[in-house]
>>> print(open('start.tsv').read())   # TSV, C-alpha atoms
chain	number	residue	atom	x	y	z
A	726	SER	CA	-73.77	-24.84	66.35
A	727	GLY	CA	-70.24	-24.17	65.19
A	728	ARG	CA	-68.97	-23.80	68.74
A	729	GLU	CA	-70.37	-27.19	69.80
A	730	ILE	CA	-68.77	-28.82	66.78
A	731	LYS	CA	-65.37	-27.30	67.54
A	732	GLU	CA	-65.64	-28.49	71.14
A	733	LEU	CA	-66.55	-31.96	69.85
A	734	LEU	CA	-63.53	-31.92	67.57
A	735	ALA	CA	-61.32	-30.95	70.52
A	736	VAL	CA	-62.52	-34.10	72.28
A	737	ALA	CA	-61.53	-35.99	69.14
A	738	GLY	CA	-57.95	-35.37	70.14
A	739	ALA	CA	-58.17	-38.61	72.09
A	740	PRO	CA	-55.22	-40.81	71.15
A	741	CYS	CA	-56.04	-43.33	68.43
A	742	GLU	CA	-53.74	-45.92	69.98
A	743	SER	CA	-56.46	-46.83	72.47
A	744	ALA	CA	-59.70	-48.50	71.42
A	745	GLU	CA	-61.64	-45.81	73.29
A	746	GLY	CA	-59.81	-43.00	71.52
A	747	ALA	CA	-60.43	-44.57	68.12
A	748	ALA	CA	-64.11	-45.06	68.98
A	749	VAL	CA	-64.42	-41.39	69.96
A	750	ARG	CA	-62.86	-40.28	66.67
A	751	VAL	CA	-65.12	-42.55	64.62
A	752	SER	CA	-68.11	-41.18	66.52
A	753	VAL	CA	-67.00	-37.61	65.77
A	754	TYR	CA	-66.58	-38.42	62.07
A	755	LYS	CA	-70.04	-39.98	61.92
A	756	HIS	CA	-71.62	-37.05	63.75
A	757	VAL	CA	-70.00	-34.47	61.48
A	758	LEU	CA	-71.10	-36.47	58.41
A	759	GLU	CA	-74.66	-36.48	59.74
A	760	LEU	CA	-74.48	-32.71	60.19
A	761	LEU	CA	-73.13	-32.25	56.67
A	762	GLU	CA	-75.78	-34.51	55.14
A	763	GLY	CA	-78.54	-32.88	57.17
A	764	GLY	CA	-77.59	-29.38	56.07
A	765	ASP	CA	-77.36	-28.32	59.73
A	766	VAL	CA	-74.20	-26.28	59.20
A	767	SER	CA	-73.31	-23.42	56.91
A	768	SER	CA	-71.34	-24.13	53.76
A	769	LYS	CA	-68.29	-22.40	55.21
A	770	MET	CA	-68.45	-24.35	58.48
A	771	GLY	CA	-69.02	-27.57	56.54
A	772	SER	CA	-65.91	-26.93	54.47
A	773	GLU	CA	-63.86	-26.23	57.59
A	774	LEU	CA	-65.09	-29.38	59.31
A	775	LEU	CA	-64.46	-31.48	56.24
A	776	GLY	CA	-60.97	-30.02	55.91
A	777	PHE	CA	-60.21	-30.95	59.50
A	778	LEU	CA	-61.49	-34.50	59.04
A	779	LEU	CA	-59.46	-34.90	55.85
A	780	MET	CA	-56.27	-33.95	57.68
A	781	GLU	CA	-56.93	-36.45	60.46
A	782	VAL	CA	-57.61	-39.55	58.31
A	783	GLU	CA	-54.01	-40.72	58.34
A	784	PHE	CA	-54.07	-40.89	62.14
A	785	LEU	CA	-57.03	-43.28	62.24
A	786	PRO	CA	-56.38	-46.96	62.87
A	787	PRO	CA	-57.20	-49.31	59.96
A	788	SER	CA	-60.38	-50.58	61.61
A	789	ALA	CA	-61.73	-47.02	61.85
A	790	VAL	CA	-60.90	-46.30	58.22
A	791	VAL	CA	-62.76	-49.46	57.14
A	792	GLU	CA	-65.76	-48.58	59.32
A	793	LEU	CA	-65.98	-45.03	57.98
A	794	ALA	CA	-65.60	-46.17	54.35
A	795	GLN	CA	-68.47	-48.57	54.96
A	796	VAL	CA	-70.58	-45.66	56.25
A	797	PHE	CA	-70.21	-44.04	52.84
A	798	VAL	CA	-71.03	-47.26	50.97
A	799	ASP	CA	-74.16	-47.69	53.06
A	800	ALA	CA	-75.16	-44.04	52.49
A	801	VAL	CA	-74.73	-44.37	48.72
A	802	LYS	CA	-76.64	-47.66	48.64
A	803	SER	CA	-79.53	-46.15	50.57
A	804	GLY	CA	-79.51	-42.91	48.54
A	805	ASN	CA	-78.66	-40.77	51.57
A	806	VAL	CA	-75.80	-38.76	50.07
A	807	THR	CA	-77.06	-35.22	49.75
A	808	ASN	CA	-73.84	-33.34	50.42
A	809	THR	CA	-71.61	-34.62	47.66
A	810	LYS	CA	-68.69	-32.59	49.03
A	811	SER	CA	-68.45	-35.20	51.80
A	812	LEU	CA	-67.46	-37.73	49.12
A	813	ASP	CA	-64.02	-36.08	49.21
A	814	LEU	CA	-63.63	-37.73	52.58
A	815	PHE	CA	-64.63	-41.10	51.11
A	816	SER	CA	-61.93	-40.71	48.48
A	817	LYS	CA	-59.36	-39.88	51.16
A	818	LEU	CA	-60.46	-42.89	53.24
A	819	LEU	CA	-60.01	-45.18	50.24
A	820	SER	CA	-56.53	-43.79	49.54
A	821	SER	CA	-55.57	-44.20	53.17
A	822	LEU	CA	-56.94	-47.72	53.19
A	823	ALA	CA	-54.90	-48.69	50.13
A	824	SER	CA	-51.70	-47.66	51.92
A	825	ARG	CA	-52.34	-49.86	54.97
A	826	GLU	CA	-50.40	-53.12	55.20
A	827	THR	CA	-53.03	-55.19	56.97
A	828	VAL	CA	-56.69	-54.56	57.76
A	829	SER	CA	-59.55	-56.62	59.05
A	830	TYR	CA	-62.65	-56.64	56.84
A	831	GLY	CA	-66.00	-58.36	57.01
A	832	ASN	CA	-65.98	-61.26	59.42
A	833	GLY	CA	-62.48	-60.47	60.65
A	834	ASN	CA	-60.75	-61.52	57.42
A	835	GLN	CA	-57.20	-60.19	57.33
A	836	MET	CA	-56.07	-58.69	54.03
A	837	THR	CA	-53.96	-55.90	52.65
A	838	GLY	CA	-55.42	-52.41	52.56
A	839	ALA	CA	-55.45	-52.51	48.75
A	840	GLU	CA	-57.47	-55.74	48.80
A	841	CYS	CA	-59.90	-54.25	51.28
A	842	LYS	CA	-60.28	-51.14	49.12
A	843	SER	CA	-61.15	-53.41	46.19
A	844	HIS	CA	-63.78	-55.22	48.25
A	845	ILE	CA	-65.34	-51.92	49.31
A	846	LEU	CA	-65.38	-50.60	45.76
A	847	ASN	CA	-66.86	-53.87	44.47
A	848	SER	CA	-69.59	-53.58	47.08
A	849	LEU	CA	-70.27	-50.00	46.01
A	850	CYS	CA	-70.26	-50.82	42.29
A	851	SER	CA	-72.70	-53.68	42.75
A	852	SER	CA	-75.41	-51.34	44.03
A	853	ARG	CA	-77.68	-48.74	42.46
A	854	TRP	CA	-76.66	-45.13	42.84
A	855	ASP	CA	-78.88	-42.11	43.16
A	856	SER	CA	-78.52	-40.05	40.01
A	857	SER	CA	-77.49	-36.99	42.04
A	858	CYS	CA	-74.21	-38.63	43.11
A	859	VAL	CA	-73.13	-40.40	39.93
A	860	ILE	CA	-70.82	-37.63	38.73
A	861	HIS	CA	-69.33	-37.16	42.20
A	862	LEU	CA	-68.78	-40.91	42.61
A	863	ALA	CA	-67.01	-40.96	39.26
A	864	ALA	CA	-64.61	-38.38	40.70
A	865	VAL	CA	-64.02	-40.67	43.70
A	866	PHE	CA	-63.08	-43.51	41.36
A	867	ARG	CA	-60.70	-41.27	39.48
>>> encode(input="start.tsv", output="C-alpha coordinates")
Amino acid sequence: SGREIKELLAVAGAPCESAEGAAVRVSVYKHVLELLEGGDVSSKMGSELLGFLLMEVEFLPPSAVVELAQVFVDAVKSGNVTNTKSLDLFSKLLSSLASRETVSYGNGNQMTGAECKSHILNSLCSSRWDSSCVIHLAAVFR
(Lines of atoms letter the chains of each structure in order from A and count residues from 1; the text may use other names and numbers.)
(Lines give C-alpha, C1' and ligand atoms only; values in the text may rest on other atoms or scores of the structure.)
Protein backbone atom coordinates (compact mmCIF):
# COMPACT_ATOMS: atom_id res chain seq x y z
CA SER A 1 0.00 0.00 0.00
CA GLY A 2 1.02 3.61 -0.38
CA ARG A 3 1.32 4.10 3.37
CA GLU A 4 3.69 1.12 3.75
CA ILE A 5 5.84 2.46 0.93
CA LYS A 6 6.07 5.91 2.50
CA GLU A 7 7.05 4.34 5.83
CA LEU A 8 9.69 2.29 4.01
CA LEU A 9 11.02 5.43 2.37
CA ALA A 10 11.21 7.12 5.78
CA VAL A 11 13.47 4.28 6.91
CA ALA A 12 15.57 4.98 3.82
CA GLY A 13 16.68 8.15 5.55
CA ALA A 14 19.48 6.07 7.06
CA PRO A 15 22.78 7.84 6.46
CA CYS A 16 24.61 6.62 3.37
CA GLU A 17 27.98 7.10 5.03
CA SER A 18 27.56 3.78 6.83
CA ALA A 19 27.54 0.46 5.00
CA GLU A 20 24.28 -0.43 6.76
CA GLY A 21 22.61 2.81 5.69
CA ALA A 22 23.68 2.32 2.08
CA ALA A 23 22.43 -1.27 2.16
CA VAL A 24 19.04 -0.12 3.47
CA ARG A 25 18.74 2.45 0.69
CA VAL A 26 19.68 -0.06 -2.00
CA SER A 27 17.11 -2.45 -0.57
CA VAL A 28 14.45 0.27 -0.70
CA TYR A 29 15.32 1.09 -4.31
CA LYS A 30 15.10 -2.57 -5.29
CA HIS A 31 11.79 -3.03 -3.48
CA VAL A 32 10.23 0.03 -5.10
CA LEU A 33 11.46 -1.13 -8.52
CA GLU A 34 9.84 -4.52 -7.91
CA LEU A 35 6.59 -2.77 -7.02
CA LEU A 36 6.76 -0.62 -10.14
CA GLU A 37 7.53 -3.58 -12.39
CA GLY A 38 4.83 -5.70 -10.76
CA GLY A 39 2.16 -3.07 -11.26
CA ASP A 40 1.36 -3.20 -7.53
CA VAL A 41 1.01 0.57 -7.22
CA SER A 42 -1.15 3.13 -8.96
CA SER A 43 0.36 5.21 -11.73
CA LYS A 44 0.24 8.31 -9.53
CA MET A 45 1.93 6.57 -6.59
CA GLY A 46 4.51 5.07 -8.96
CA SER A 47 5.36 8.51 -10.30
CA GLU A 48 5.71 9.91 -6.79
CA LEU A 49 7.96 7.04 -5.70
CA LEU A 50 10.08 7.33 -8.81
CA GLY A 51 10.39 11.08 -8.30
CA PHE A 52 11.61 10.53 -4.76
CA LEU A 53 14.16 7.93 -5.85
CA LEU A 54 15.42 10.21 -8.62
CA MET A 55 16.07 13.00 -6.11
CA GLU A 56 18.01 10.69 -3.80
CA VAL A 57 20.42 9.19 -6.38
CA GLU A 58 23.13 11.78 -5.79
CA PHE A 59 23.28 10.81 -2.11
CA LEU A 60 24.04 7.15 -2.85
CA PRO A 61 27.61 5.92 -2.52
CA PRO A 62 29.29 4.80 -5.78
CA SER A 63 28.96 1.12 -4.92
CA ALA A 64 25.19 1.48 -4.55
CA VAL A 65 24.89 3.34 -7.86
CA VAL A 66 26.82 0.56 -9.62
CA GLU A 67 24.68 -2.14 -7.97
CA LEU A 68 21.42 -0.44 -8.92
CA ALA A 69 22.56 0.19 -12.51
CA GLN A 70 23.38 -3.51 -12.74
CA VAL A 71 19.83 -4.33 -11.56
CA PHE A 72 18.53 -2.52 -14.64
CA VAL A 73 20.98 -4.25 -16.97
CA ASP A 74 19.94 -7.62 -15.58
CA ALA A 75 16.25 -6.73 -15.93
CA VAL A 76 16.69 -5.67 -19.56
CA LYS A 77 18.73 -8.78 -20.37
CA SER A 78 16.07 -11.03 -18.87
CA GLY A 79 13.19 -9.11 -20.49
CA ASN A 80 11.72 -8.09 -17.13
CA VAL A 81 11.24 -4.38 -17.82
CA THR A 82 7.51 -3.82 -17.97
CA ASN A 83 7.34 -0.33 -16.49
CA THR A 84 9.47 1.63 -18.90
CA LYS A 85 9.03 4.77 -16.78
CA SER A 86 11.49 3.19 -14.32
CA LEU A 87 14.16 3.51 -17.02
CA ASP A 88 14.28 7.21 -16.10
CA LEU A 89 15.97 6.06 -12.92
CA PHE A 90 18.47 4.01 -14.92
CA SER A 91 19.35 7.11 -16.93
CA LYS A 92 19.83 9.12 -13.72
CA LEU A 93 22.01 6.35 -12.24
CA LEU A 94 24.22 6.38 -15.34
CA SER A 95 24.58 10.17 -15.19
CA SER A 96 25.44 10.01 -11.52
CA LEU A 97 27.92 7.24 -12.16
CA ALA A 98 29.69 9.26 -14.86
CA SER A 99 30.28 12.09 -12.39
CA ARG A 100 31.97 9.88 -9.78
CA GLU A 101 35.75 10.05 -9.54
CA THR A 102 36.39 6.45 -8.55
CA VAL A 103 34.16 3.39 -8.42
CA SER A 104 34.68 -0.30 -7.94
CA TYR A 105 33.24 -2.50 -10.69
CA GLY A 106 33.22 -6.21 -11.36
CA ASN A 107 35.83 -8.03 -9.33
CA GLY A 108 36.76 -4.91 -7.37
CA ASN A 109 38.45 -3.17 -10.30
CA GLN A 110 38.91 0.52 -9.56
CA MET A 111 38.06 2.90 -12.39
CA THR A 112 36.55 6.28 -13.02
CA GLY A 113 32.78 6.60 -13.00
CA ALA A 114 32.81 7.37 -16.73
CA GLU A 115 34.74 4.17 -17.44
CA CYS A 116 32.33 2.18 -15.31
CA LYS A 117 29.38 3.73 -17.15
CA SER A 118 30.96 2.60 -20.43
CA HIS A 119 31.36 -0.94 -19.12
CA ILE A 120 27.73 -1.04 -18.02
CA LEU A 121 26.50 0.30 -21.35
CA ASN A 122 28.70 -2.17 -23.25
CA SER A 123 27.22 -4.98 -21.20
CA LEU A 124 23.72 -3.73 -21.97
CA CYS A 125 24.41 -3.26 -25.69
CA SER A 126 25.83 -6.76 -26.03
CA SER A 127 22.51 -8.33 -25.04
CA ARG A 128 19.14 -8.80 -26.71
CA TRP A 129 16.41 -6.38 -25.74
CA ASP A 130 12.72 -7.02 -25.52
CA SER A 131 11.01 -5.08 -28.29
CA SER A 132 8.80 -3.27 -25.77
CA CYS A 133 11.77 -1.41 -24.28
CA VAL A 134 13.81 -0.55 -27.37
CA ILE A 135 12.41 2.96 -27.79
CA HIS A 136 12.72 3.69 -24.07
CA LEU A 137 16.30 2.39 -23.98
CA ALA A 138 17.13 4.65 -26.91
CA ALA A 139 15.96 7.56 -24.76
CA VAL A 140 18.30 6.38 -21.98
CA PHE A 141 21.23 6.43 -24.40
CA ARG A 142 20.32 9.92 -25.53
>>> closest_atom_pairs(input="start.tsv", of="region 782-854 of chain A", to="region 757-769 of chain A", cutoff="12 Å", atoms="all atoms listed in the file", output="tab-separated table")
residue	atom	partner	partner_atom	distance
A:Leu793	CA	A:Leu758	CA	10.0
A:Ala794	CA	A:Leu758	CA	11.9
A:Val796	CA	A:Leu758	CA	9.5
A:Phe797	CA	A:Leu758	CA	9.4
A:Ala800	CA	A:Glu762	CA	9.9
A:Val801	CA	A:Glu762	CA	11.8
A:Gly804	CA	A:Glu762	CA	11.3
A:Asn805	CA	A:Glu762	CA	7.8
A:Val806	CA	A:Glu762	CA	6.6
A:Thr807	CA	A:Glu762	CA	5.6
A:Asn808	CA	A:Glu762	CA	5.2
A:Thr809	CA	A:Glu762	CA	8.6
A:Lys810	CA	A:Leu761	CA	8.8
A:Ser811	CA	A:Leu758	CA	7.2
A:Leu812	CA	A:Leu758	CA	10.1
A:Asp813	CA	A:Leu758	CA	11.6
A:Leu814	CA	A:Leu758	CA	9.6
A:Phe815	CA	A:Leu758	CA	10.8
>>> closest_residue(input="start.tsv", among="A:Ala863, A:Ser857, A:Ser829, A:Gln795", to="Ile845 (chain A)", atoms="only C-alpha atoms")
A:Gln795
>>> axis_aligned_box(input="start.tsv", around="region 835-849 of chain A", padding_each_side="6 Å", output="lines of an AutoDock Vina configuration file")
center_x = -62.1
center_y = -55.1
center_z = 50.9
size_x = 28.3
size_y = 22.2
size_z = 24.9
>>> closest_residue(input="start.tsv", among="A:Val791, A:Ala744, A:Leu818, A:Leu785", to="Gly831 (chain A)", atoms="all atoms listed in the file")
A:Val791
>>> closest_residue(input="start.tsv", among="A:Arg867, A:His756, A:Lys802, A:Lys817", to="Val790 (chain A)", atoms="only C-alpha atoms")
A:Lys817
>>> atom_distance(input="start.tsv", atom1="CA of Arg853 (chain A)", atom2="CA of Ser816 (chain A)")
18.7 Å
>>> atom_distance(input="start.tsv", atom1="CA of Gly838 (chain A)", atom2="CA of Leu822 (chain A)")
5.0 Å
>>> closest_residue(input="start.tsv", among="A:Lys755, A:His861, A:Arg750, A:Lys842", to="Ser820 (chain A)", atoms="all atoms listed in the file")
A:Lys842
>>> closest_residue(input="start.tsv", among="A:Leu779, A:Thr827, A:Ala789, A:Asp799", to="Ser752 (chain A)", atoms="all atoms listed in the file")
A:Ala789
>>> closest_residue(input="start.tsv", among="A:Met836, A:Ile860, A:Ala748, A:Val865", to="Leu819 (chain A)", atoms="all atoms listed in the file")
A:Val865
>>> atom_distance(input="start.tsv", atom1="CA of Trp854 (chain A)", atom2="CA of Met780 (chain A)")
27.6 Å
